[in-house]
$ cat upload.cif   # mmCIF, N, CA and C atoms
data_work
loop_
_atom_site.group_PDB
_atom_site.id
_atom_site.type_symbol
_atom_site.label_atom_id
_atom_site.label_comp_id
_atom_site.auth_asym_id
_atom_site.auth_seq_id
_atom_site.Cartn_x
_atom_site.Cartn_y
_atom_site.Cartn_z
ATOM 1 N N MET A 13 118.704 22.778 21.364
ATOM 2 C CA MET A 13 117.870 21.599 21.491
ATOM 3 C C MET A 13 117.115 21.347 20.192
ATOM 4 N N GLY A 14 116.591 22.399 19.584
ATOM 5 C CA GLY A 14 115.845 22.237 18.351
ATOM 6 C C GLY A 14 116.704 21.701 17.219
ATOM 7 N N THR A 15 117.947 22.163 17.156
ATOM 8 C CA THR A 15 118.854 21.695 16.112
ATOM 9 C C THR A 15 119.136 20.202 16.274
ATOM 10 N N LEU A 16 119.278 19.766 17.497
ATOM 11 C CA LEU A 16 119.515 18.348 17.773
ATOM 12 C C LEU A 16 118.318 17.504 17.340
ATOM 13 N N ILE A 17 117.128 17.977 17.620
ATOM 14 C CA ILE A 17 115.922 17.239 17.242
ATOM 15 C C ILE A 17 115.780 17.173 15.722
ATOM 16 N N ILE A 18 116.029 18.294 15.051
ATOM 17 C CA ILE A 18 115.932 18.316 13.591
ATOM 18 C C ILE A 18 116.978 17.385 12.980
ATOM 19 N N SER A 19 118.190 17.391 13.526
ATOM 20 C CA SER A 19 119.247 16.501 13.021
ATOM 21 C C SER A 19 118.872 15.038 13.220
ATOM 22 N N ALA A 20 118.363 14.716 14.402
ATOM 23 C CA ALA A 20 117.972 13.329 14.670
ATOM 24 C C ALA A 20 116.833 12.905 13.745
ATOM 25 N N THR A 21 115.900 13.812 13.503
ATOM 26 C CA THR A 21 114.790 13.485 12.604
ATOM 27 C C THR A 21 115.299 13.259 11.184
ATOM 28 N N ALA A 22 116.218 14.108 10.734
ATOM 29 C CA ALA A 22 116.770 13.944 9.381
ATOM 30 C C ALA A 22 117.505 12.616 9.252
ATOM 31 N N ILE A 23 118.271 12.259 10.271
ATOM 32 C CA ILE A 23 118.993 10.978 10.237
ATOM 33 C C ILE A 23 118.011 9.814 10.200
ATOM 34 N N LEU A 24 116.945 9.901 11.009
ATOM 35 C CA LEU A 24 115.954 8.825 11.006
ATOM 36 C C LEU A 24 115.241 8.716 9.666
ATOM 37 N N VAL A 25 114.977 9.850 9.020
ATOM 38 C CA VAL A 25 114.316 9.819 7.713
ATOM 39 C C VAL A 25 115.237 9.194 6.663
ATOM 40 N N VAL A 26 116.512 9.598 6.670
ATOM 41 C CA VAL A 26 117.466 9.046 5.692
ATOM 42 C C VAL A 26 117.634 7.548 5.911
ATOM 43 N N MET A 27 117.764 7.128 7.163
ATOM 44 C CA MET A 27 117.898 5.698 7.442
ATOM 45 C C MET A 27 116.593 4.961 7.178
ATOM 46 N N GLY A 28 115.469 5.681 7.183
ATOM 47 C CA GLY A 28 114.167 5.058 7.002
ATOM 48 C C GLY A 28 113.849 4.645 5.590
ATOM 49 N N PHE A 29 114.712 4.978 4.624
ATOM 50 C CA PHE A 29 114.452 4.533 3.264
ATOM 51 C C PHE A 29 114.524 3.018 3.147
ATOM 52 N N SER A 30 115.278 2.391 4.035
ATOM 53 C CA SER A 30 115.341 0.932 3.999
ATOM 54 C C SER A 30 114.466 0.290 5.078
ATOM 55 N N ASN A 31 114.120 1.055 6.105
ATOM 56 C CA ASN A 31 113.335 0.517 7.214
ATOM 57 C C ASN A 31 112.253 1.532 7.564
ATOM 58 N N HIS A 32 111.016 1.235 7.256
ATOM 59 C CA HIS A 32 109.941 2.211 7.414
ATOM 60 C C HIS A 32 109.550 2.463 8.868
ATOM 61 N N THR A 33 109.965 1.612 9.778
ATOM 62 C CA THR A 33 109.671 1.887 11.181
ATOM 63 C C THR A 33 110.472 3.089 11.688
ATOM 64 N N LEU A 34 111.599 3.372 11.035
ATOM 65 C CA LEU A 34 112.368 4.549 11.422
ATOM 66 C C LEU A 34 111.634 5.828 11.029
ATOM 67 N N TRP A 35 110.796 5.774 9.991
ATOM 68 C CA TRP A 35 109.962 6.929 9.647
ATOM 69 C C TRP A 35 108.982 7.204 10.787
ATOM 70 N N LEU A 36 108.424 6.143 11.332
ATOM 71 C CA LEU A 36 107.509 6.309 12.463
ATOM 72 C C LEU A 36 108.238 6.888 13.675
ATOM 73 N N ALA A 37 109.474 6.456 13.864
ATOM 74 C CA ALA A 37 110.262 7.006 14.964
ATOM 75 C C ALA A 37 110.533 8.494 14.752
ATOM 76 N N ALA A 38 110.799 8.890 13.512
ATOM 77 C CA ALA A 38 111.028 10.307 13.208
ATOM 78 C C ALA A 38 109.774 11.126 13.480
ATOM 79 N N VAL A 39 108.633 10.600 13.094
ATOM 80 C CA VAL A 39 107.371 11.298 13.357
ATOM 81 C C VAL A 39 107.131 11.406 14.857
ATOM 82 N N ALA A 40 107.431 10.333 15.590
ATOM 83 C CA ALA A 40 107.250 10.358 17.041
ATOM 84 C C ALA A 40 108.172 11.388 17.693
ATOM 85 N N VAL A 41 109.412 11.477 17.239
ATOM 86 C CA VAL A 41 110.359 12.463 17.790
ATOM 87 C C VAL A 41 109.854 13.875 17.536
ATOM 88 N N LEU A 42 109.386 14.127 16.316
ATOM 89 C CA LEU A 42 108.853 15.461 16.008
ATOM 90 C C LEU A 42 107.613 15.775 16.826
ATOM 91 N N PHE A 43 106.745 14.780 16.987
ATOM 92 C CA PHE A 43 105.539 14.995 17.779
ATOM 93 C C PHE A 43 105.897 15.334 19.224
ATOM 94 N N LEU A 44 106.796 14.569 19.807
ATOM 95 C CA LEU A 44 107.186 14.829 21.198
ATOM 96 C C LEU A 44 107.871 16.176 21.348
ATOM 97 N N TYR A 45 108.647 16.566 20.356
ATOM 98 C CA TYR A 45 109.307 17.878 20.420
ATOM 99 C C TYR A 45 108.292 19.011 20.358
ATOM 100 N N VAL A 46 107.331 18.882 19.443
ATOM 101 C CA VAL A 46 106.317 19.936 19.318
ATOM 102 C C VAL A 46 105.431 19.970 20.558
ATOM 103 N N ARG A 47 105.106 18.807 21.088
ATOM 104 C CA ARG A 47 104.184 18.741 22.226
ATOM 105 C C ARG A 47 104.839 19.186 23.529
ATOM 106 N N TYR A 48 106.066 18.750 23.801
ATOM 107 C CA TYR A 48 106.681 19.005 25.096
ATOM 108 C C TYR A 48 107.977 19.804 25.042
ATOM 109 N N GLY A 49 108.692 19.769 23.956
ATOM 110 C CA GLY A 49 110.032 20.326 23.921
ATOM 111 C C GLY A 49 110.108 21.823 23.834
ATOM 112 N N ARG A 50 109.204 22.460 23.096
ATOM 113 C CA ARG A 50 109.328 23.896 22.872
ATOM 114 C C ARG A 50 108.878 24.724 24.048
ATOM 115 N N THR A 51 108.123 24.192 24.985
ATOM 116 C CA THR A 51 107.626 24.974 26.110
ATOM 117 C C THR A 51 108.594 25.006 27.271
ATOM 118 N N GLY A 52 109.706 24.334 27.181
ATOM 119 C CA GLY A 52 110.666 24.329 28.272
ATOM 120 C C GLY A 52 110.400 23.232 29.284
ATOM 121 N N GLY A 53 109.548 22.260 28.951
ATOM 122 C CA GLY A 53 109.325 21.128 29.826
ATOM 123 C C GLY A 53 108.078 21.243 30.668
ATOM 124 N N SER A 54 107.554 22.421 30.878
ATOM 125 C CA SER A 54 106.383 22.590 31.708
ATOM 126 C C SER A 54 105.217 23.047 30.854
ATOM 127 N N THR A 55 104.227 22.184 30.695
ATOM 128 C CA THR A 55 103.067 22.569 29.909
ATOM 129 C C THR A 55 101.963 23.109 30.789
ATOM 130 N N SER A 56 102.038 22.910 32.101
ATOM 131 C CA SER A 56 100.965 23.385 32.958
ATOM 132 C C SER A 56 100.947 24.893 33.056
ATOM 133 N N ALA A 57 102.074 25.550 32.973
ATOM 134 C CA ALA A 57 102.089 26.997 33.051
ATOM 135 C C ALA A 57 101.466 27.621 31.840
ATOM 136 N N ALA A 58 101.622 27.012 30.716
ATOM 137 C CA ALA A 58 101.058 27.577 29.508
ATOM 138 C C ALA A 58 99.573 27.309 29.398
ATOM 139 N N SER A 59 99.082 26.281 30.032
ATOM 140 C CA SER A 59 97.681 25.964 29.873
ATOM 141 C C SER A 59 96.831 26.478 31.005
ATOM 142 N N SER A 60 97.410 27.056 32.055
ATOM 143 C CA SER A 60 96.599 27.553 33.148
ATOM 144 C C SER A 60 95.900 28.836 32.738
ATOM 145 N N PRO A 61 94.650 29.045 33.189
ATOM 146 C CA PRO A 61 93.904 30.198 32.739
ATOM 147 C C PRO A 61 94.457 31.521 33.242
ATOM 148 N N GLY A 62 95.207 31.534 34.345
ATOM 149 C CA GLY A 62 95.718 32.780 34.875
ATOM 150 C C GLY A 62 97.104 33.131 34.390
ATOM 151 N N ALA A 63 97.671 32.330 33.520
ATOM 152 C CA ALA A 63 99.029 32.591 33.069
ATOM 153 C C ALA A 63 99.065 33.797 32.142
ATOM 154 N N PRO A 64 100.077 34.652 32.262
ATOM 155 C CA PRO A 64 100.135 35.809 31.385
ATOM 156 C C PRO A 64 100.401 35.393 29.954
ATOM 157 N N GLY A 65 99.741 36.077 29.042
ATOM 158 C CA GLY A 65 99.944 35.798 27.632
ATOM 159 C C GLY A 65 98.981 34.782 27.055
ATOM 160 N N THR A 66 98.237 34.086 27.911
ATOM 161 C CA THR A 66 97.270 33.134 27.394
ATOM 162 C C THR A 66 95.897 33.781 27.426
ATOM 163 N N PRO A 67 95.092 33.561 26.413
ATOM 164 C CA PRO A 67 93.771 34.189 26.389
ATOM 165 C C PRO A 67 92.864 33.580 27.430
ATOM 166 N N GLY A 68 92.217 34.405 28.170
ATOM 167 C CA GLY A 68 91.277 33.953 29.179
ATOM 168 C C GLY A 68 89.863 34.045 28.650
ATOM 169 N N PRO A 69 88.874 33.873 29.510
ATOM 170 C CA PRO A 69 87.494 33.940 29.080
ATOM 171 C C PRO A 69 87.115 35.319 28.539
ATOM 172 N N ALA A 70 87.678 36.389 29.092
ATOM 173 C CA ALA A 70 87.346 37.733 28.630
ATOM 174 C C ALA A 70 87.976 38.031 27.274
ATOM 175 N N ALA A 71 89.048 37.341 26.918
ATOM 176 C CA ALA A 71 89.748 37.589 25.661
ATOM 177 C C ALA A 71 89.181 36.755 24.522
ATOM 178 N N GLY A 72 88.078 36.048 24.773
ATOM 179 C CA GLY A 72 87.466 35.273 23.705
ATOM 180 C C GLY A 72 87.980 33.849 23.637
ATOM 181 N N GLY A 73 88.851 33.450 24.541
ATOM 182 C CA GLY A 73 89.353 32.091 24.533
ATOM 183 C C GLY A 73 88.330 31.146 25.122
ATOM 184 N N SER A 74 88.552 29.887 24.958
ATOM 185 C CA SER A 74 87.629 28.914 25.515
ATOM 186 C C SER A 74 88.129 28.532 26.898
ATOM 187 N N GLY A 75 88.008 29.443 27.827
ATOM 188 C CA GLY A 75 88.508 29.235 29.185
ATOM 189 C C GLY A 75 87.509 28.475 30.029
ATOM 190 N N ALA A 76 87.711 28.558 31.322
ATOM 191 C CA ALA A 76 86.838 27.871 32.254
ATOM 192 C C ALA A 76 85.512 28.620 32.363
ATOM 193 N N ARG A 77 84.582 28.030 33.082
ATOM 194 C CA ARG A 77 83.302 28.697 33.286
ATOM 195 C C ARG A 77 83.520 29.990 34.055
ATOM 196 N N PRO A 78 82.663 30.976 33.862
ATOM 197 C CA PRO A 78 82.861 32.264 34.538
ATOM 198 C C PRO A 78 82.883 32.151 36.057
ATOM 199 N N ASP A 79 82.065 31.248 36.639
ATOM 200 C CA ASP A 79 82.069 31.152 38.093
ATOM 201 C C ASP A 79 83.390 30.589 38.612
ATOM 202 N N SER A 80 84.004 29.676 37.876
ATOM 203 C CA SER A 80 85.285 29.141 38.347
ATOM 204 C C SER A 80 86.408 30.147 38.131
ATOM 205 N N SER A 81 86.334 30.955 37.046
ATOM 206 C CA SER A 81 87.367 31.963 36.862
ATOM 207 C C SER A 81 87.233 33.055 37.921
ATOM 208 N N TYR A 82 86.006 33.388 38.299
ATOM 209 C CA TYR A 82 85.816 34.366 39.372
ATOM 210 C C TYR A 82 86.298 33.794 40.697
ATOM 211 N N ARG A 83 86.069 32.508 40.890
ATOM 212 C CA ARG A 83 86.548 31.867 42.114
ATOM 213 C C ARG A 83 88.072 31.901 42.167
ATOM 214 N N ALA A 84 88.710 31.670 41.026
ATOM 215 C CA ALA A 84 90.175 31.742 40.985
ATOM 216 C C ALA A 84 90.639 33.164 41.267
ATOM 217 N N TYR A 85 89.922 34.149 40.724
ATOM 218 C CA TYR A 85 90.259 35.550 41.002
ATOM 219 C C TYR A 85 90.125 35.850 42.493
ATOM 220 N N ARG A 86 89.035 35.385 43.097
ATOM 221 C CA ARG A 86 88.837 35.625 44.532
ATOM 222 C C ARG A 86 89.930 34.966 45.350
ATOM 223 N N ASP A 87 90.309 33.756 44.968
ATOM 224 C CA ASP A 87 91.385 33.064 45.690
ATOM 225 C C ASP A 87 92.691 33.837 45.594
ATOM 226 N N ARG A 88 93.020 34.333 44.397
ATOM 227 C CA ARG A 88 94.244 35.122 44.249
ATOM 228 C C ARG A 88 94.180 36.408 45.060
ATOM 229 N N ARG A 89 93.024 37.070 45.012
ATOM 230 C CA ARG A 89 92.853 38.315 45.761
ATOM 231 C C ARG A 89 92.982 38.074 47.264
ATOM 232 N N ASP A 90 92.350 37.019 47.765
ATOM 233 C CA ASP A 90 92.428 36.713 49.204
ATOM 234 C C ASP A 90 93.844 36.326 49.608
ATOM 235 N N ARG A 91 94.538 35.574 48.741
ATOM 236 C CA ARG A 91 95.912 35.198 49.034
ATOM 237 C C ARG A 91 96.805 36.431 49.106
ATOM 238 N N GLN A 92 96.598 37.364 48.178
ATOM 239 C CA GLN A 92 97.388 38.600 48.195
ATOM 240 C C GLN A 92 97.095 39.407 49.450
ATOM 241 N N ALA A 93 95.836 39.467 49.859
ATOM 242 C CA ALA A 93 95.489 40.213 51.074
ATOM 243 C C ALA A 93 96.115 39.574 52.299
ATOM 244 N N ARG A 94 96.144 38.254 52.353
ATOM 245 C CA ARG A 94 96.792 37.586 53.497
ATOM 246 C C ARG A 94 98.276 37.906 53.545
ATOM 247 N N TRP A 95 98.939 37.890 52.365
ATOM 248 C CA TRP A 95 100.364 38.213 52.338
ATOM 249 C C TRP A 95 100.608 39.656 52.779
ATOM 250 N N GLU A 96 99.742 40.572 52.368
ATOM 251 C CA GLU A 96 99.919 41.969 52.761
ATOM 252 C C GLU A 96 99.721 42.148 54.266
ATOM 253 N N ARG A 97 98.718 41.477 54.824
ATOM 254 C CA ARG A 97 98.522 41.559 56.285
ATOM 255 C C ARG A 97 99.708 40.960 57.026
ATOM 256 N N ARG A 98 100.214 39.836 56.520
ATOM 257 C CA ARG A 98 101.372 39.214 57.171
ATOM 258 C C ARG A 98 102.588 40.126 57.101
ATOM 259 N N TYR A 99 102.800 40.776 55.963
ATOM 260 C CA TYR A 99 103.938 41.690 55.812
ATOM 261 C C TYR A 99 103.828 42.844 56.801
ATOM 262 N N ARG A 100 102.620 43.437 56.919
ATOM 263 C CA ARG A 100 102.437 44.538 57.863
ATOM 264 C C ARG A 100 102.641 44.087 59.294
ATOM 265 N N ARG A 101 102.216 42.854 59.600
ATOM 266 C CA ARG A 101 102.369 42.338 60.961
ATOM 267 C C ARG A 101 103.836 42.055 61.288
ATOM 268 N N GLU A 102 104.579 41.482 60.326
ATOM 269 C CA GLU A 102 105.972 41.114 60.588
ATOM 270 C C GLU A 102 106.940 42.277 60.447
ATOM 271 N N ARG A 103 106.589 43.306 59.692
ATOM 272 C CA ARG A 103 107.477 44.456 59.468
ATOM 273 C C ARG A 103 106.707 45.758 59.691
ATOM 274 N N PRO A 104 106.368 46.066 60.938
ATOM 275 C CA PRO A 104 105.533 47.249 61.185
ATOM 276 C C PRO A 104 106.224 48.554 60.811
ATOM 277 N N LEU A 105 107.528 48.667 61.047
ATOM 278 C CA LEU A 105 108.216 49.916 60.728
ATOM 279 C C LEU A 105 108.268 50.152 59.224
ATOM 280 N N GLU A 106 108.545 49.103 58.477
ATOM 281 C CA GLU A 106 108.614 49.225 57.022
ATOM 282 C C GLU A 106 107.238 49.542 56.434
ATOM 283 N N SER A 107 106.204 48.917 56.956
ATOM 284 C CA SER A 107 104.876 49.179 56.406
ATOM 285 C C SER A 107 104.418 50.603 56.718
ATOM 286 N N ARG A 108 104.773 51.119 57.910
ATOM 287 C CA ARG A 108 104.429 52.515 58.218
ATOM 288 C C ARG A 108 105.179 53.478 57.318
ATOM 289 N N ARG A 109 106.438 53.182 57.039
ATOM 290 C CA ARG A 109 107.225 54.031 56.148
ATOM 291 C C ARG A 109 106.613 54.046 54.749
ATOM 292 N N GLN A 110 106.157 52.887 54.284
ATOM 293 C CA GLN A 110 105.561 52.832 52.951
ATOM 294 C C GLN A 110 104.212 53.546 52.906
ATOM 295 N N GLU A 111 103.462 53.533 53.994
ATOM 296 C CA GLU A 111 102.178 54.225 54.024
ATOM 297 C C GLU A 111 102.342 55.735 53.975
ATOM 298 N N ARG A 112 103.459 56.255 54.499
ATOM 299 C CA ARG A 112 103.689 57.704 54.484
ATOM 300 C C ARG A 112 103.933 58.217 53.082
ATOM 301 N N LYS A 113 104.463 57.402 52.193
ATOM 302 C CA LYS A 113 104.779 57.847 50.834
ATOM 303 C C LYS A 113 103.583 58.053 49.990
#
$ encode --input "upload.cif" --output "structure tokens"
Amino acid sequence: MGTLIISATAILVVMGFSNHTLWLAAVAVLFLYVRYGRTGGSTSAASSPGAPGTPGPAAGGSGARPDSSYRAYRDRRDRQARWERRYRRERPLESRRQERK
């Protein structure tokens, strides 16, 4: 995908020597590629505070307020606890086997 974008930009630049609006098109293509193309199409995963690899408030990043990050932590913790209770309820034999280990 990157090679295609670079090729299209080069073609637009070469053609833009006679038409300067094609230079603007080349800049727009590069901007859109840098903004949306390199992340695989989804920018929300990279910008969410809980995503792995992104700096959170504890890592010195400019994350959300501490109360909202704690609220997100509590929500994740409660969701995990609900899933664990549901698993134990739906699979009692498996959960007992895992508790013995």
$ atom_distance --input "upload.cif" --atom1 "CA of Trp35 in chain A" --atom2 "CA of Thr21 in chain A"
8.7 Å
$ atom_distance --input "upload.cif" --atom1 "CA of Pro104 in chain A" --atom2 "CA of Gln92 in chain A"
17.6 Å
$ residues_around --input "upload.cif" --residues "Ile18 in chain A" --least-positions-apart "4" --cutoff "10 Å" --atoms "only C-alpha atoms" --output "number ranges by chain"
A: 13-14, 22-24, 38, 41-42, 45
$ write_last_selection --input "upload.cif" --atoms "N, CA and C atoms" --output "PDB file, in the frame of the given file"
ATOM      1  N   MET A  13     118.704  22.778  21.364  1.00  0.00           N
ATOM      2  CA  MET A  13     117.870  21.599  21.491  1.00  0.00           C
ATOM      3  C   MET A  13     117.115  21.347  20.192  1.00  0.00           C
ATOM      4  N   GLY A  14     116.591  22.399  19.584  1.00  0.00           N
ATOM      5  CA  GLY A  14     115.845  22.237  18.351  1.00  0.00           C
ATOM      6  C   GLY A  14     116.704  21.701  17.219  1.00  0.00           C
ATOM      7  N   ALA A  22     116.218  14.108  10.734  1.00  0.00           N
ATOM      8  CA  ALA A  22     116.770  13.944   9.381  1.00  0.00           C
ATOM      9  C   ALA A  22     117.505  12.616   9.252  1.00  0.00           C
ATOM     10  N   ILE A  23     118.271  12.259  10.271  1.00  0.00           N
ATOM     11  CA  ILE A  23     118.993  10.978  10.237  1.00  0.00           C
ATOM     12  C   ILE A  23     118.011   9.814  10.200  1.00  0.00           C
ATOM     13  N   LEU A  24     116.945   9.901  11.009  1.00  0.00           N
ATOM     14  CA  LEU A  24     115.954   8.825  11.006  1.00  0.00           C
ATOM     15  C   LEU A  24     115.241   8.716   9.666  1.00  0.00           C
ATOM     16  N   ALA A  38     110.799   8.890  13.512  1.00  0.00           N
ATOM     17  CA  ALA A  38     111.028  10.307  13.208  1.00  0.00           C
ATOM     18  C   ALA A  38     109.774  11.126  13.480  1.00  0.00           C
ATOM     19  N   VAL A  41     109.412  11.477  17.239  1.00  0.00           N
ATOM     20  CA  VAL A  41     110.359  12.463  17.790  1.00  0.00           C
ATOM     21  C   VAL A  41     109.854  13.875  17.536  1.00  0.00           C
ATOM     22  N   LEU A  42     109.386  14.127  16.316  1.00  0.00           N
ATOM     23  CA  LEU A  42     108.853  15.461  16.008  1.00  0.00           C
ATOM     24  C   LEU A  42     107.613  15.775  16.826  1.00  0.00           C
ATOM     25  N   TYR A  45     108.647  16.566  20.356  1.00  0.00           N
ATOM     26  CA  TYR A  45     109.307  17.878  20.420  1.00  0.00           C
ATOM     27  C   TYR A  45     108.292  19.011  20.358  1.00  0.00           C
TER      28      TYR A  45
END
$ atom_distance --input "upload.cif" --atom1 "atom N of Tyr48 in chain A" --atom2 "atom C of Leu34 in chain A"
19.0 Å
$ residues_around --input "upload.cif" --residues "range 97-100 of chain A" --least-positions-apart "6" --cutoff "12 Å" --atoms "only C-alpha atoms" --output "mmCIF file with N, CA and C atoms, in the coordinates of the input"
data_model
loop_
_atom_site.group_PDB
_atom_site.id
_atom_site.type_symbol
_atom_site.label_atom_id
_atom_site.label_comp_id
_atom_site.auth_asym_id
_atom_site.auth_seq_id
_atom_site.Cartn_x
_atom_site.Cartn_y
_atom_site.Cartn_z
ATOM 1 N N ASP A 90 92.350 37.019 47.765
ATOM 2 C CA ASP A 90 92.428 36.713 49.204
ATOM 3 C C ASP A 90 93.844 36.326 49.608
ATOM 4 N N ARG A 91 94.538 35.574 48.741
ATOM 5 C CA ARG A 91 95.912 35.198 49.034
ATOM 6 C C ARG A 91 96.805 36.431 49.106
ATOM 7 N N GLU A 106 108.545 49.103 58.477
ATOM 8 C CA GLU A 106 108.614 49.225 57.022
ATOM 9 C C GLU A 106 107.238 49.542 56.434
ATOM 10 N N SER A 107 106.204 48.917 56.956
ATOM 11 C CA SER A 107 104.876 49.179 56.406
ATOM 12 C C SER A 107 104.418 50.603 56.718
ATOM 13 N N ARG A 108 104.773 51.119 57.910
ATOM 14 C CA ARG A 108 104.429 52.515 58.218
ATOM 15 C C ARG A 108 105.179 53.478 57.318
ATOM 16 N N ARG A 109 106.438 53.182 57.039
ATOM 17 C CA ARG A 109 107.225 54.031 56.148
ATOM 18 C C ARG A 109 106.613 54.046 54.749
ATOM 19 N N GLN A 110 106.157 52.887 54.284
ATOM 20 C CA GLN A 110 105.561 52.832 52.951
ATOM 21 C C GLN A 110 104.212 53.546 52.906
ATOM 22 N N GLU A 111 103.462 53.533 53.994
ATOM 23 C CA GLU A 111 102.178 54.225 54.024
ATOM 24 C C GLU A 111 102.342 55.735 53.975
#
$ decode --input "upload.cif" --residues "range 39-46 of chain A" --atoms "all heavy atoms" --output "tab-separated table (two decimals), in the first residue's frame"
chain	number	residue	atom	x	y	z
A	39	VAL	N	0.03	16.51	-2.04
A	39	VAL	CA	0.12	16.80	-0.61
A	39	VAL	C	-1.07	16.19	0.13
A	39	VAL	O	-0.92	15.62	1.20
A	39	VAL	CB	0.21	18.32	-0.38
A	39	VAL	CG1	0.06	18.67	1.09
A	39	VAL	CG2	1.52	18.85	-0.91
A	40	ALA	N	-2.25	16.29	-0.47
A	40	ALA	CA	-3.45	15.72	0.16
A	40	ALA	C	-3.33	14.20	0.26
A	40	ALA	O	-3.71	13.61	1.29
A	40	ALA	CB	-4.69	16.11	-0.63
A	41	VAL	N	-2.82	13.55	-0.77
A	41	VAL	CA	-2.65	12.08	-0.75
A	41	VAL	C	-1.68	11.69	0.36
A	41	VAL	O	-1.93	10.75	1.12
A	41	VAL	CB	-2.19	11.57	-2.13
A	41	VAL	CG1	-1.68	10.15	-2.04
A	41	VAL	CG2	-3.31	11.67	-3.14
A	42	LEU	N	-0.57	12.41	0.45
A	42	LEU	CA	0.40	12.11	1.51
A	42	LEU	C	-0.18	12.35	2.89
A	42	LEU	O	0.04	11.56	3.82
A	42	LEU	CB	1.67	12.95	1.32
A	42	LEU	CG	2.61	12.46	0.24
A	42	LEU	CD1	3.79	13.41	0.12
A	42	LEU	CD2	3.10	11.06	0.54
A	43	PHE	N	-0.93	13.43	3.03
A	43	PHE	CA	-1.55	13.72	4.33
A	43	PHE	C	-2.52	12.61	4.72
A	43	PHE	O	-2.49	12.14	5.86
A	43	PHE	CB	-2.27	15.07	4.28
A	43	PHE	CG	-3.08	15.33	5.52
A	43	PHE	CD1	-2.46	15.69	6.70
A	43	PHE	CD2	-4.46	15.18	5.51
A	43	PHE	CE1	-3.20	15.92	7.85
A	43	PHE	CE2	-5.20	15.40	6.65
A	43	PHE	CZ	-4.58	15.78	7.83
A	44	LEU	N	-3.36	12.21	3.80
A	44	LEU	CA	-4.33	11.15	4.11
A	44	LEU	C	-3.65	9.83	4.41
A	44	LEU	O	-4.08	9.08	5.28
A	44	LEU	CB	-5.33	11.00	2.96
A	44	LEU	CG	-6.29	12.17	2.77
A	44	LEU	CD1	-7.13	11.96	1.52
A	44	LEU	CD2	-7.17	12.33	3.99
A	45	TYR	N	-2.56	9.56	3.72
A	45	TYR	CA	-1.82	8.31	3.99
A	45	TYR	C	-1.20	8.33	5.38
A	45	TYR	O	-1.29	7.37	6.14
A	45	TYR	CB	-0.74	8.10	2.94
A	45	TYR	CG	0.14	6.91	3.25
A	45	TYR	CD1	-0.38	5.62	3.21
A	45	TYR	CD2	1.46	7.08	3.61
A	45	TYR	CE1	0.42	4.53	3.50
A	45	TYR	CE2	2.26	6.00	3.90
A	45	TYR	CZ	1.73	4.72	3.84
A	45	TYR	OH	2.52	3.64	4.15
A	46	VAL	N	-0.59	9.46	5.73
A	46	VAL	CA	0.04	9.55	7.05
A	46	VAL	C	-1.02	9.53	8.15
A	46	VAL	O	-0.85	8.89	9.18
A	46	VAL	CB	0.91	10.82	7.15
A	46	VAL	CG1	1.35	11.10	8.56
A	46	VAL	CG2	2.11	10.68	6.24
